[in-house]
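data23.txt follows; it contains compact mmCIF, C-alpha atoms.
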```txt
# COMPACT_ATOMS: atom_id res chain seq x y z
CA MET I 1 87.01 91.56 106.63
CA GLN I 2 89.09 92.93 103.77
CA THR I 3 88.25 92.03 100.21
CA GLY I 4 90.92 90.36 98.09
CA GLU I 5 92.48 91.38 94.77
CA ASP I 6 90.45 88.92 92.68
CA GLN I 7 87.07 90.13 93.92
CA LEU I 8 88.07 93.81 93.64
CA ARG I 9 89.33 93.32 90.13
CA THR I 10 86.17 91.52 89.08
CA TRP I 11 84.07 94.40 90.38
CA MET I 12 86.34 96.99 88.77
CA THR I 13 86.17 95.28 85.37
CA ALA I 14 82.38 94.93 85.60
CA GLY I 15 82.16 98.61 86.59
CA LEU I 16 84.27 99.57 83.56
CA ASP I 17 81.77 97.67 81.43
CA GLY I 18 79.04 99.89 82.84
CA ASP I 19 77.72 97.73 85.73
CA ALA I 20 76.71 100.32 88.36
CA ALA I 21 76.00 97.73 91.08
CA ALA I 22 79.49 96.25 90.76
CA HIS I 23 80.98 99.74 90.83
CA GLU I 24 79.08 100.52 94.01
CA ALA I 25 80.19 97.24 95.61
CA LEU I 26 83.78 98.09 94.68
CA LEU I 27 83.67 101.58 96.21
CA ARG I 28 82.05 100.19 99.36
CA ALA I 29 84.71 97.50 99.71
CA LEU I 30 87.50 100.05 99.22
CA VAL I 31 86.44 102.18 102.20
CA PRO I 32 87.99 99.95 104.92
CA LEU I 33 91.09 99.26 102.79
CA LEU I 34 91.74 102.94 102.18
CA ALA I 35 90.90 103.92 105.75
CA ALA I 36 93.47 101.39 107.01
CA PHE I 37 96.01 102.65 104.47
CA TYR I 38 95.64 106.29 105.54
CA ARG I 39 95.23 105.60 109.26
CA ARG I 40 98.56 103.82 109.34
CA ARG I 41 100.25 106.83 107.78
CA LEU I 42 98.49 109.72 109.46
CA ARG I 43 98.47 108.42 113.04
CA GLY I 44 95.32 109.70 114.63
CA ALA I 45 94.15 112.45 112.29
CA GLU I 46 90.78 110.71 111.96
CA HIS I 47 89.09 113.60 110.19
CA ASP I 48 91.83 113.73 107.54
CA VAL I 49 91.50 109.99 107.05
CA GLU I 50 87.83 110.32 106.18
CA ASP I 51 88.50 113.24 103.82
CA LEU I 52 91.27 111.34 102.07
CA VAL I 53 89.12 108.22 101.71
CA GLN I 54 86.40 110.30 100.06
CA GLU I 55 88.81 112.16 97.79
CA THR I 56 90.34 108.86 96.75
CA LEU I 57 86.94 107.35 95.99
CA ILE I 58 86.16 110.35 93.78
CA ALA I 59 89.54 110.06 92.03
CA ILE I 60 89.00 106.34 91.48
CA HIS I 61 85.60 107.06 90.03
CA THR I 62 86.56 109.92 87.70
CA ARG I 63 89.96 108.57 86.65
CA ARG I 64 89.08 104.92 86.16
CA ALA I 65 90.10 105.14 82.49
CA SER I 66 93.70 105.14 83.75
CA TYR I 67 93.35 101.56 85.05
CA ASP I 68 94.78 98.91 82.73
CA ARG I 69 92.52 95.83 82.88
CA ASP I 70 95.47 93.54 82.29
CA ARG I 71 97.29 94.65 85.43
CA PRO I 72 96.70 94.07 89.15
CA PHE I 73 93.97 96.27 90.56
CA THR I 74 95.46 96.83 94.00
CA ALA I 75 98.71 98.18 92.53
CA TRP I 76 96.67 100.81 90.70
CA LEU I 77 94.50 101.47 93.74
CA TYR I 78 97.44 102.09 96.07
CA ALA I 79 99.22 104.19 93.46
CA VAL I 80 96.18 106.49 93.41
CA ALA I 81 95.92 106.39 97.21
CA ARG I 82 99.61 107.22 97.59
CA TYR I 83 99.33 110.16 95.21
CA ARG I 84 96.35 111.52 97.15
CA LEU I 85 98.34 111.20 100.38
CA ILE I 86 101.38 113.00 98.98
CA ASP I 87 99.09 115.71 97.63
CA HIS I 88 97.51 115.95 101.09
CA PHE I 89 100.94 116.48 102.66
CA ARG I 90 101.74 119.06 100.03
CA ARG I 91 98.55 120.98 100.72
CA GLN I 92 99.28 120.93 104.43
CA ARG I 93 102.85 121.99 103.68
CA MET I 94 103.76 119.19 105.98
CA THR I 95 107.25 117.82 105.97
CA VAL I 96 107.57 114.08 106.23
CA ALA I 97 110.49 112.39 107.95
CA ILE I 98 112.57 110.41 105.50
CA GLU I 99 111.81 107.09 107.25
CA ASP I 100 108.11 107.73 106.73
CA VAL I 101 108.57 108.40 103.03
CA GLU I 102 109.74 104.82 102.80
CA ALA I 103 106.54 103.67 104.47
CA ILE I 104 104.45 105.80 102.11
CA LEU I 105 106.22 104.63 99.01
CA VAL I 106 106.39 100.95 99.83
CA THR I 107 102.83 99.81 99.65
CA GLU I 108 103.06 96.87 97.32
CA GLY I 109 102.05 93.78 99.28
CA PHE I 110 100.41 96.01 101.88
CA GLU I 111 97.26 93.99 101.75
CA ASP I 112 99.11 90.70 102.09
CA ALA I 113 101.11 92.05 104.99
CA SER I 114 98.04 93.26 106.84
CA SER I 115 96.12 90.03 106.39
CA ALA I 116 99.19 88.02 107.49
CA ARG I 117 99.36 90.19 110.59
CA MET I 118 95.71 89.48 111.26
CA ASP I 119 96.36 85.74 110.99
CA VAL I 120 99.22 85.96 113.47
CA ASP I 121 97.06 87.94 115.87
CA THR I 122 94.25 85.38 115.69
CA LEU I 123 96.62 82.49 116.31
CA LEU I 124 98.46 84.16 119.18
CA ALA I 125 95.15 84.98 120.84
CA THR I 126 94.57 81.27 121.34
CA LEU I 127 97.67 80.96 123.56
CA SER I 128 98.22 82.02 127.14
CA PRO I 129 99.20 85.71 127.39
CA LYS I 130 102.71 84.81 128.58
CA GLN I 131 103.37 82.48 125.64
CA ALA I 132 101.84 84.92 123.16
CA ARG I 133 104.00 87.77 124.40
CA ALA I 134 107.15 85.64 124.37
CA ILE I 135 106.53 84.58 120.75
CA ARG I 136 105.58 88.06 119.63
CA ASP I 137 108.68 89.59 121.23
CA THR I 138 111.20 87.08 119.95
CA HIS I 139 109.73 85.99 116.61
CA VAL I 140 107.64 88.93 115.34
CA ASP I 141 109.30 92.01 116.83
CA GLY I 142 112.77 90.50 116.69
CA LEU I 143 113.92 91.06 120.29
CA SER I 144 116.64 88.89 121.82
CA VAL I 145 115.68 86.42 124.54
CA ALA I 146 117.37 88.62 127.15
CA GLU I 147 115.46 91.72 126.02
CA ALA I 148 112.18 89.83 125.97
CA ALA I 149 112.88 88.46 129.46
CA SER I 150 113.64 91.83 131.02
CA GLY I 151 110.69 93.43 129.20
CA ALA I 152 108.26 90.87 130.56
CA GLY I 153 109.94 90.72 133.98
CA ILE I 154 110.54 86.97 133.83
CA GLY I 155 113.62 84.75 133.57
CA GLU I 156 115.34 83.98 130.28
CA SER I 157 114.68 80.26 130.61
CA ASP I 158 111.02 81.05 131.23
CA VAL I 159 110.95 82.96 127.90
CA LYS I 160 112.60 80.05 126.07
CA VAL I 161 110.19 77.53 127.55
CA SER I 162 107.18 79.75 126.78
CA VAL I 163 108.28 80.19 123.17
CA HIS I 164 108.92 76.48 122.79
CA ARG I 165 105.59 75.40 124.27
CA GLY I 166 103.67 78.15 122.50
CA LEU I 167 105.09 77.28 119.09
CA ARG I 168 104.38 73.58 119.68
CA ALA I 169 100.78 74.40 120.60
CA LEU I 170 100.41 76.58 117.49
CA ALA I 171 101.90 73.89 115.26
CA ALA I 172 99.47 71.34 116.66
CA ARG I 173 96.58 73.73 116.15
CA ILE I 174 97.49 74.51 112.56
CA ARG I 175 97.96 70.82 111.74
CA GLY I 176 94.62 70.07 113.45
CA GLU I 177 92.88 72.76 111.40
CA ARG I 178 94.36 71.72 108.10
CA VAL I 179 93.76 67.94 108.42
CA MET Y 180 79.06 114.67 103.22
CA ASN Y 181 79.28 111.18 104.58
CA THR Y 182 80.98 108.38 102.72
CA GLU Y 183 77.81 106.30 102.24
CA GLN Y 184 76.08 109.19 100.52
CA LEU Y 185 79.14 109.85 98.35
CA ILE Y 186 79.26 106.23 97.19
CA GLY Y 187 75.55 106.41 96.36
CA ASP Y 188 76.07 109.58 94.30
CA LEU Y 189 79.10 108.23 92.47
CA SER Y 190 77.38 104.94 91.63
CA ARG Y 191 74.45 106.69 90.02
CA ASP Y 192 76.55 107.62 87.00
CA VAL Y 193 78.70 104.72 85.78
CA PRO Y 194 79.36 105.04 82.05
CA ALA Y 195 81.15 102.13 80.39
CA VAL Y 196 84.86 102.68 79.79
CA PRO Y 197 86.13 100.87 76.68
CA ARG Y 198 89.34 98.88 76.86
CA HIS Y 199 91.50 101.41 75.06
CA ALA Y 200 89.89 104.46 76.60
CA LEU Y 201 93.23 105.91 77.72
CA GLY Y 202 94.81 105.88 74.28
CA ARG Y 203 91.61 107.16 72.72
CA ARG Y 204 91.36 110.06 75.14
CA ILE Y 205 94.96 111.12 74.51
CA GLY Y 206 94.37 110.76 70.76
CA VAL Y 207 91.27 112.95 70.90
CA GLY Y 208 93.15 115.62 72.87
CA ILE Y 209 96.00 115.68 70.35
CA VAL Y 210 93.79 115.64 67.27
CA ALA Y 211 91.49 118.37 68.62
CA GLY Y 212 94.47 120.56 69.48
CA GLY Y 213 96.09 119.65 66.16
CA CYS Y 214 93.04 120.90 64.24
CA VAL Y 215 93.42 124.31 65.89
CA THR Y 216 97.14 124.33 65.10
CA LEU Y 217 96.46 123.34 61.50
CA LEU Y 218 93.94 126.14 61.23
CA LEU Y 219 96.49 128.61 62.59
CA VAL Y 220 99.13 127.41 60.13
CA ALA Y 221 96.71 127.72 57.21
CA ALA Y 222 95.10 131.02 58.23
CA VAL Y 223 97.92 132.96 59.88
CA LEU Y 224 101.13 131.63 58.36
CA GLY Y 225 99.79 130.27 55.09
CA VAL Y 226 100.58 126.92 53.52
CA ARG Y 227 103.64 127.17 51.27
CA PRO Y 228 102.47 127.56 47.67
CA ASP Y 229 104.85 124.93 46.28
CA LEU Y 230 103.73 122.27 48.79
CA ASP Y 231 102.59 119.99 45.97
CA ALA Y 232 105.98 119.89 44.30
CA GLU Y 233 107.74 119.89 47.63
CA MET Y 234 105.91 116.76 48.77
CA ARG Y 235 107.63 114.85 46.00
CA GLY Y 236 111.03 115.96 47.26
CA PHE Y 237 113.38 114.51 49.84
CA SER Y 238 113.65 117.33 52.36
CA PHE Y 239 109.92 117.48 53.10
CA TRP Y 240 109.76 113.79 53.95
CA MET Y 241 112.98 114.05 55.91
CA LYS Y 242 111.40 116.75 58.07
CA TRP Y 243 108.16 114.83 58.45
CA THR Y 244 109.85 111.57 59.35
CA TYR Y 245 111.91 113.40 61.95
CA THR Y 246 109.04 115.23 63.63
CA THR Y 247 106.51 112.39 63.46
CA SER Y 248 108.91 109.85 64.93
CA LEU Y 249 109.62 112.24 67.80
CA GLY Y 250 105.88 112.76 68.11
CA ILE Y 251 105.11 109.05 68.27
CA GLY Y 252 107.83 108.46 70.88
CA ALA Y 253 106.59 111.33 73.03
CA VAL Y 254 102.98 110.15 72.82
CA ILE Y 255 104.05 106.70 74.02
CA ALA Y 256 105.72 108.38 77.00
CA VAL Y 257 102.55 110.40 77.66
CA MET Y 258 100.47 107.22 77.62
CA ARG Y 259 102.74 105.56 80.15
CA LEU Y 260 102.87 108.59 82.43
CA ALA Y 261 99.08 108.94 82.34
CA ARG Y 262 98.75 105.89 84.59
CA PRO Y 263 99.50 106.22 88.30
CA THR Y 264 101.51 103.01 88.57
CA PRO Y 265 105.32 103.31 88.32
CA VAL Y 266 106.65 103.20 84.76
CA ALA Y 267 109.98 102.41 83.17
CA LEU Y 268 111.03 105.30 80.96
CA ASN Y 269 114.37 103.88 79.88
CA SER Y 270 113.01 103.08 76.41
CA LEU Y 271 112.87 106.86 75.91
CA TRP Y 272 116.46 106.71 74.64
CA LEU Y 273 114.85 105.48 71.40
CA LEU Y 274 113.99 109.15 70.81
CA ALA Y 275 117.71 109.65 70.18
CA ILE Y 276 117.49 107.54 67.00
CA PRO Y 277 115.74 110.13 64.81
CA VAL Y 278 118.09 112.81 66.16
CA LEU Y 279 121.14 110.71 65.29
CA LEU Y 280 119.80 109.83 61.84
CA LEU Y 281 119.12 113.46 61.06
CA SER Y 282 122.58 114.39 62.33
CA GLY Y 283 123.98 111.83 59.89
CA ILE Y 284 122.08 113.43 57.00
CA GLY Y 285 123.24 116.84 58.21
CA ILE Y 286 126.88 115.83 58.23
CA GLY Y 287 126.47 114.42 54.72
CA GLU Y 288 124.97 117.74 53.61
CA LEU Y 289 127.79 119.75 55.14
CA ALA Y 290 130.34 117.54 53.45
CA GLY Y 291 128.74 118.25 50.08
CA THR Y 292 128.59 122.03 50.58
CA PRO Y 293 131.45 124.51 50.44
CA SER Y 294 132.17 125.68 53.96
CA ARG Y 295 131.48 129.35 53.22
CA ASP Y 296 127.81 128.41 52.66
CA TRP Y 297 127.49 126.51 55.92
CA VAL Y 298 126.22 129.37 58.01
CA VAL Y 299 123.59 130.31 55.43
CA MET Y 300 122.43 126.70 55.29
CA TRP Y 301 122.33 126.44 59.06
CA LEU Y 302 120.44 129.69 59.68
CA GLY Y 303 118.21 129.51 56.63
CA ALA Y 304 115.82 132.42 56.22
CA SER Y 305 113.72 131.82 59.32
CA TRP Y 306 115.94 130.64 62.18
CA LYS Y 307 114.84 133.46 64.44
CA ALA Y 308 111.14 132.70 64.05
CA CYS Y 309 111.11 128.92 63.67
CA PRO Y 310 111.59 127.77 67.30
CA TRP Y 311 109.12 130.34 68.61
CA LEU Y 312 106.53 129.46 66.00
CA VAL Y 313 106.84 125.78 66.88
CA LEU Y 314 106.46 126.64 70.57
CA ALA Y 315 103.42 128.85 69.91
CA LEU Y 316 101.79 126.29 67.60
CA SER Y 317 102.29 123.58 70.23
CA MET Y 318 100.01 125.36 72.70
CA PRO Y 319 96.65 124.18 71.29
CA ILE Y 320 97.91 120.58 71.31
CA PHE Y 321 99.27 120.99 74.82
CA ILE Y 322 95.90 122.30 75.96
CA GLY Y 323 94.25 119.32 74.26
CA LEU Y 324 96.52 117.02 76.27
CA LEU Y 325 95.67 118.87 79.49
CA TRP Y 326 92.06 118.03 78.72
CA SER Y 327 93.02 114.37 78.17
CA PHE Y 328 94.76 114.24 81.54
CA ARG Y 329 91.65 115.38 83.38
CA ARG Y 330 90.32 111.82 83.32
CA LEU Y 331 93.71 110.19 83.72
CA ALA Y 332 95.96 109.86 86.72
CA PRO Y 333 99.54 111.04 86.23
CA THR Y 334 101.57 110.87 89.42
CA ARG Y 335 104.91 112.15 88.13
CA LEU Y 336 103.63 115.54 87.17
CA ARG Y 337 106.86 117.12 85.95
CA ALA Y 338 107.70 114.14 83.73
CA ALA Y 339 104.13 113.95 82.45
CA GLY Y 340 104.17 117.68 81.69
CA ALA Y 341 107.49 117.38 79.85
CA ALA Y 342 106.25 114.42 77.80
CA ALA Y 343 103.04 116.28 76.94
CA GLY Y 344 105.08 119.33 75.94
CA LEU Y 345 107.39 117.26 73.75
CA ALA Y 346 104.45 115.53 72.09
CA ALA Y 347 102.72 118.86 71.49
CA GLY Y 348 105.95 120.39 70.15
CA ALA Y 349 106.70 117.49 67.81
CA TRP Y 350 103.19 117.41 66.35
CA ALA Y 351 103.12 121.20 66.05
CA ALA Y 352 106.44 121.01 64.17
CA THR Y 353 104.91 118.38 61.90
CA LEU Y 354 102.12 120.76 60.97
CA TYR Y 355 104.52 123.71 60.75
CA CYS Y 356 106.29 121.78 57.95
CA LEU Y 357 103.32 122.68 55.74
CA HIS Y 358 104.41 126.31 55.94
CA CYS Y 359 108.16 126.19 56.52
CA PRO Y 360 110.27 126.67 53.37
CA GLU Y 361 113.56 125.46 54.84
CA VAL Y 362 115.22 122.44 53.30
CA SER Y 363 118.49 121.70 55.09
CA ALA Y 364 118.86 118.93 57.65
CA ILE Y 365 121.00 120.97 60.02
CA PHE Y 366 118.38 123.70 60.04
CA VAL Y 367 115.72 121.20 61.11
CA LEU Y 368 118.07 119.52 63.53
CA THR Y 369 118.83 122.80 65.28
CA TRP Y 370 115.78 125.03 65.09
CA TYR Y 371 112.94 122.51 64.95
CA SER Y 372 114.52 120.55 67.77
CA LEU Y 373 114.96 123.75 69.74
CA GLY Y 374 111.27 124.59 69.33
CA ILE Y 375 110.23 121.08 70.37
CA ALA Y 376 112.60 121.19 73.35
CA LEU Y 377 111.20 124.58 74.38
CA ALA Y 378 107.71 123.08 74.33
CA GLY Y 379 108.98 120.16 76.46
CA ALA Y 380 110.63 122.54 78.92
CA PHE Y 381 107.45 124.60 79.11
CA GLY Y 382 105.50 121.40 79.88
CA ALA Y 383 107.96 120.42 82.60
CA LEU Y 384 107.67 123.90 84.08
CA VAL Y 385 103.88 124.07 84.26
CA GLY Y 386 103.18 120.33 84.65
CA PRO Y 387 103.26 120.18 88.47
CA ARG Y 388 100.82 123.08 88.65
CA LEU Y 389 98.43 122.26 85.82
CA LEU Y 390 98.33 118.48 86.03
CA ARG Y 391 97.67 118.32 89.76
CA TRP Y 392 94.54 116.49 90.80
```
Kindly return the structure encoded in the file as structure tokens.
Amino acid sequence: MQTGEDQLRTWMTAGLDGDAAAHEALLRALVPLLAAFYRRRLRGAEHDVEDLVQETLIAIHTRRASYDRDRPFTAWLYAVARYRLIDHFRRQRMTVAIEDVEAILVTEGFEDASSARMDVDTLLATLSPKQARAIRDTHVDGLSVAEAASGAGIGESDVKVSVHRGLRALAARIRGERV
Amino acid sequence: MNTEQLIGDLSRDVPAVPRHALGRRIGVGIVAGGCVTLLLVAAVLGVRPDLDAEMRGFSFWMKWTYTTSLGIGAVIAVMRLARPTPVALNSLWLLAIPVLLLSGIGIGELAGTPSRDWVVMWLGASWKACPWLVLALSMPIFIGLLWSFRRLAPTRLRAAGAAAGLAAGAWAATLYCLHCPEVSAIFVLTWYSLGIALAGAFGALVGPRLLRW
């Protein structure tokens, strides 16, 4: 489970006031966040991911004076993480495709996006595989009905019906959970 | 080393960081470097003997206002660039104000001087040395700022280096005023500004290498 901005910021502020336990809790909570951040961008270089996570933790620890308490913590966190990643590429003399630069630079809302994706995954898991796939193809990945149909090897009307029934089931479930 | 162990080690030493730690650290770097520069001005160049009388005159305060306002603007830029989060630097055009004001004074001076004396006024007695002295005197302050950056997190290294160089140059020029006997506005506008710009260019050149973390 990933920790939210409010909790992280509380820990960071307490750590800045000299609370070692809060600082430790913060660093511990950052490990999965940073690992996910780097894993998404390095695709499978698991050893590098661990190194980068550690380097970033050290940078966060030694350079915490550069955090402004009045500003969002995660923006600062990912700015540090992004710098460490770019420095990593530089050290490796690796060239990055221009599309990937976009992915590296745009990290604001990364946390929101990843938790939203987790919500979608949880909800879709409650449906039948056929309905889940139809909804994912047409509503999340943005395929046309025809593309989704040929990809899944079923008829177009079958896709439409699956999407329709799946969405209705999800709507009922969400309403049921909220009431 | 595994991550658990690292977190344990890091959490053993958690000194409190006061709210304005960033500004304080940059201030300490500049003041420490400035003390060395001041010492160099006093010991190597010598404070001008008529400083007392001069401080009651216009040209001294004109020079000081010019260099300190550049210095303050550059320090603000340094403080912004010391944080990793993206910053807007468009307020840097405010640095043009002292330059324009001094140009105005310079034009007024030229208008009141016969044109055959213009070159003498412009070159003064020390135009060859002035920019280089400002550049050399900026080094201790620049080194002080490098020390400040060690606990800060600049991500635009060239810009941060340039801002640090400008700040160092402007404050070095401020201290150099204690020695420099020149009085004309166009002298200051040309040769002081050149020295400060050289310091900024030096910072931009070495920033990516020295500020890396």
Per-residue nearest contacts of chain I to chain Y (10 Å; only C-alpha atoms) as CSV:
```
residue,atom,partner,partner_atom,distance
I:Thr13,CA,Y:Val196,CA,9.4
I:Ala14,CA,Y:Ala195,CA,9.0
I:Gly15,CA,Y:Val193,CA,7.1
I:Leu16,CA,Y:Val196,CA,4.9
I:Asp17,CA,Y:Ala195,CA,4.6
I:Gly18,CA,Y:Ala195,CA,3.9
I:Asp19,CA,Y:Val193,CA,7.1
I:Ala20,CA,Y:Val193,CA,5.5
I:Ala21,CA,Y:Ser190,CA,7.4
I:Ala22,CA,Y:Ser190,CA,9.0
I:His23,CA,Y:Ser190,CA,6.4
I:Glu24,CA,Y:Ser190,CA,5.3
I:Ala25,CA,Y:Ser190,CA,9.1
I:Leu26,CA,Y:Ile186,CA,9.6
I:Leu27,CA,Y:Ile186,CA,6.5
I:Arg28,CA,Y:Ile186,CA,7.0
I:Val31,CA,Y:Thr182,CA,8.3
I:Glu50,CA,Y:Thr182,CA,7.9
I:Asp51,CA,Y:Thr182,CA,9.0
I:Val53,CA,Y:Thr182,CA,8.2
I:Gln54,CA,Y:Thr182,CA,6.3
I:Glu55,CA,Y:Leu185,CA,10.0
I:Leu57,CA,Y:Ile186,CA,7.9
I:Ile58,CA,Y:Leu189,CA,7.5
I:Ala59,CA,Y:Trp392,CA,8.2
I:Ile60,CA,Y:Ala332,CA,9.1
I:His61,CA,Y:Leu189,CA,7.0
I:Thr62,CA,Y:Arg330,CA,6.1
I:Arg63,CA,Y:Arg330,CA,4.7
I:Arg64,CA,Y:Leu331,CA,7.4
I:Ala65,CA,Y:Leu201,CA,5.8
I:Ser66,CA,Y:Leu331,CA,5.1
I:Tyr67,CA,Y:Arg262,CA,6.9
I:Asp68,CA,Y:Arg198,CA,8.0
I:Arg69,CA,Y:Arg198,CA,7.5
I:Asp70,CA,Y:Arg198,CA,9.8
I:Arg71,CA,Y:Thr264,CA,9.9
I:Ala75,CA,Y:Thr264,CA,6.8
I:Trp76,CA,Y:Thr264,CA,5.7
I:Leu77,CA,Y:Pro263,CA,8.8
I:Tyr78,CA,Y:Thr264,CA,8.6
I:Ala79,CA,Y:Thr264,CA,5.5
I:Val80,CA,Y:Pro263,CA,6.1
I:Ala81,CA,Y:Pro263,CA,9.6
I:Arg82,CA,Y:Thr334,CA,9.2
I:Tyr83,CA,Y:Thr334,CA,6.2
I:Arg84,CA,Y:Trp392,CA,8.3
I:Ile86,CA,Y:Thr334,CA,9.8
I:Asp87,CA,Y:Trp392,CA,8.2
```
Go ahead and write the residues just picked, C-alpha atoms, as a short mmCIF file (atom, residue, chain, number, x, y, z; two decimals), keeping the file's coordinate frame.
```
data_model
loop_
_atom_site.label_atom_id
_atom_site.label_comp_id
_atom_site.auth_asym_id
_atom_site.auth_seq_id
_atom_site.Cartn_x
_atom_site.Cartn_y
_atom_site.Cartn_z
CA THR I 13 86.17 95.28 85.37
CA ALA I 14 82.38 94.93 85.60
CA GLY I 15 82.16 98.61 86.59
CA LEU I 16 84.27 99.57 83.56
CA ASP I 17 81.77 97.67 81.43
CA GLY I 18 79.04 99.89 82.84
CA ASP I 19 77.72 97.73 85.73
CA ALA I 20 76.71 100.32 88.36
CA ALA I 21 76.00 97.73 91.08
CA ALA I 22 79.49 96.25 90.76
CA HIS I 23 80.98 99.74 90.83
CA GLU I 24 79.08 100.52 94.01
CA ALA I 25 80.19 97.24 95.61
CA LEU I 26 83.78 98.09 94.68
CA LEU I 27 83.67 101.58 96.21
CA ARG I 28 82.05 100.19 99.36
CA VAL I 31 86.44 102.18 102.20
CA GLU I 50 87.83 110.32 106.18
CA ASP I 51 88.50 113.24 103.82
CA VAL I 53 89.12 108.22 101.71
CA GLN I 54 86.40 110.30 100.06
CA GLU I 55 88.81 112.16 97.79
CA LEU I 57 86.94 107.35 95.99
CA ILE I 58 86.16 110.35 93.78
CA ALA I 59 89.54 110.06 92.03
CA ILE I 60 89.00 106.34 91.48
CA HIS I 61 85.60 107.06 90.03
CA THR I 62 86.56 109.92 87.70
CA ARG I 63 89.96 108.57 86.65
CA ARG I 64 89.08 104.92 86.16
CA ALA I 65 90.10 105.14 82.49
CA SER I 66 93.70 105.14 83.75
CA TYR I 67 93.35 101.56 85.05
CA ASP I 68 94.78 98.91 82.73
CA ARG I 69 92.52 95.83 82.88
CA ASP I 70 95.47 93.54 82.29
CA ARG I 71 97.29 94.65 85.43
CA ALA I 75 98.71 98.18 92.53
CA TRP I 76 96.67 100.81 90.70
CA LEU I 77 94.50 101.47 93.74
CA TYR I 78 97.44 102.09 96.07
CA ALA I 79 99.22 104.19 93.46
CA VAL I 80 96.18 106.49 93.41
CA ALA I 81 95.92 106.39 97.21
CA ARG I 82 99.61 107.22 97.59
CA TYR I 83 99.33 110.16 95.21
CA ARG I 84 96.35 111.52 97.15
CA ILE I 86 101.38 113.00 98.98
CA ASP I 87 99.09 115.71 97.63
#
```
Inset, instruction - Please identify all polymer residues within 10 Å of Lys160 in chain I, counting only C-alpha atoms, omitting same-chain residues fewer than 6 positions from it, and present them as a PyMOL selection string. - result: chain I and resi 131+134-135+138+145-146+148-149+166
Legend entry - CA of Leu377 in chain Y to CA of Leu312 in chain Y, distance in Å rounded to a single decimal: 10.8 Å
Inset, instruction - Measure the distance from CA of Gln92 in chain I to CA of Arg41 in chain I in Å and round it to one decimal. - result: 14.5 Å
Legend entry - Point-to-point distance from CA of Gly213 in chain Y to CA of Leu316 in chain Y, Å rounded to tenths: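 Result for CA of Gly213 in chain Y versus CA of Leu316 in chain Y: 8.9 Å, one decimal.
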Taking all listed atoms of range 325-342 of chain Y, build the axis-aligned box, pad each of the six sides by 4 Å, then write its centre and edge lengths in Å to one decimal as lines of an AutoDock Vina configuration file.
```
center_x = 99.0
center_y = 114.4
center_z = 83.6
size_x = 25.4
size_y = 17.0
size_z = 19.6
```
Counting all atoms listed in the file, which residues have an atom no more than 10 Å from (113.1, 127.1, 63.3) in the file's coordinates? Please list them as a compact mmCIF listing (two decimals) with C-alpha atoms, keeping the file's coordinate frame.
```txt
# COMPACT_ATOMS: atom_id res chain seq x y z
CA LEU Y 302 120.44 129.69 59.68
CA GLY Y 303 118.21 129.51 56.63
CA ALA Y 304 115.82 132.42 56.22
CA SER Y 305 113.72 131.82 59.32
CA TRP Y 306 115.94 130.64 62.18
CA LYS Y 307 114.84 133.46 64.44
CA ALA Y 308 111.14 132.70 64.05
CA CYS Y 309 111.11 128.92 63.67
CA PRO Y 310 111.59 127.77 67.30
CA TRP Y 311 109.12 130.34 68.61
CA LEU Y 312 106.53 129.46 66.00
CA VAL Y 313 106.84 125.78 66.88
CA LEU Y 314 106.46 126.64 70.57
CA ALA Y 352 106.44 121.01 64.17
CA TYR Y 355 104.52 123.71 60.75
CA CYS Y 359 108.16 126.19 56.52
CA GLU Y 361 113.56 125.46 54.84
CA PHE Y 366 118.38 123.70 60.04
CA VAL Y 367 115.72 121.20 61.11
CA LEU Y 368 118.07 119.52 63.53
CA THR Y 369 118.83 122.80 65.28
CA TRP Y 370 115.78 125.03 65.09
CA TYR Y 371 112.94 122.51 64.95
CA SER Y 372 114.52 120.55 67.77
CA LEU Y 373 114.96 123.75 69.74
CA GLY Y 374 111.27 124.59 69.33
CA ILE Y 375 110.23 121.08 70.37
```
Output range 9-16 of chain I with N, CA and C atoms present, as a CSV table (one decimal), keeping the file's coordinate frame.
```csv
chain,number,residue,atom,x,y,z
I,9,ARG,N,89.1,93.2,91.6
I,9,ARG,CA,89.3,93.3,90.1
I,9,ARG,C,88.1,92.9,89.3
I,10,THR,N,87.4,91.9,89.8
I,10,THR,CA,86.2,91.5,89.1
I,10,THR,C,85.2,92.7,89.1
I,11,TRP,N,85.0,93.3,90.3
I,11,TRP,CA,84.1,94.4,90.4
I,11,TRP,C,84.5,95.6,89.5
I,12,MET,N,85.8,95.9,89.5
I,12,MET,CA,86.3,97.0,88.8
I,12,MET,C,86.1,96.8,87.3
I,13,THR,N,86.4,95.6,86.8
I,13,THR,CA,86.2,95.3,85.4
I,13,THR,C,84.7,95.4,85.0
I,14,ALA,N,83.8,94.8,85.9
I,14,ALA,CA,82.4,94.9,85.6
I,14,ALA,C,81.9,96.4,85.6
I,15,GLY,N,82.5,97.2,86.5
I,15,GLY,CA,82.2,98.6,86.6
I,15,GLY,C,82.6,99.3,85.3
I,16,LEU,N,83.8,99.0,84.8
I,16,LEU,CA,84.3,99.6,83.6
I,16,LEU,C,83.4,99.2,82.4
```
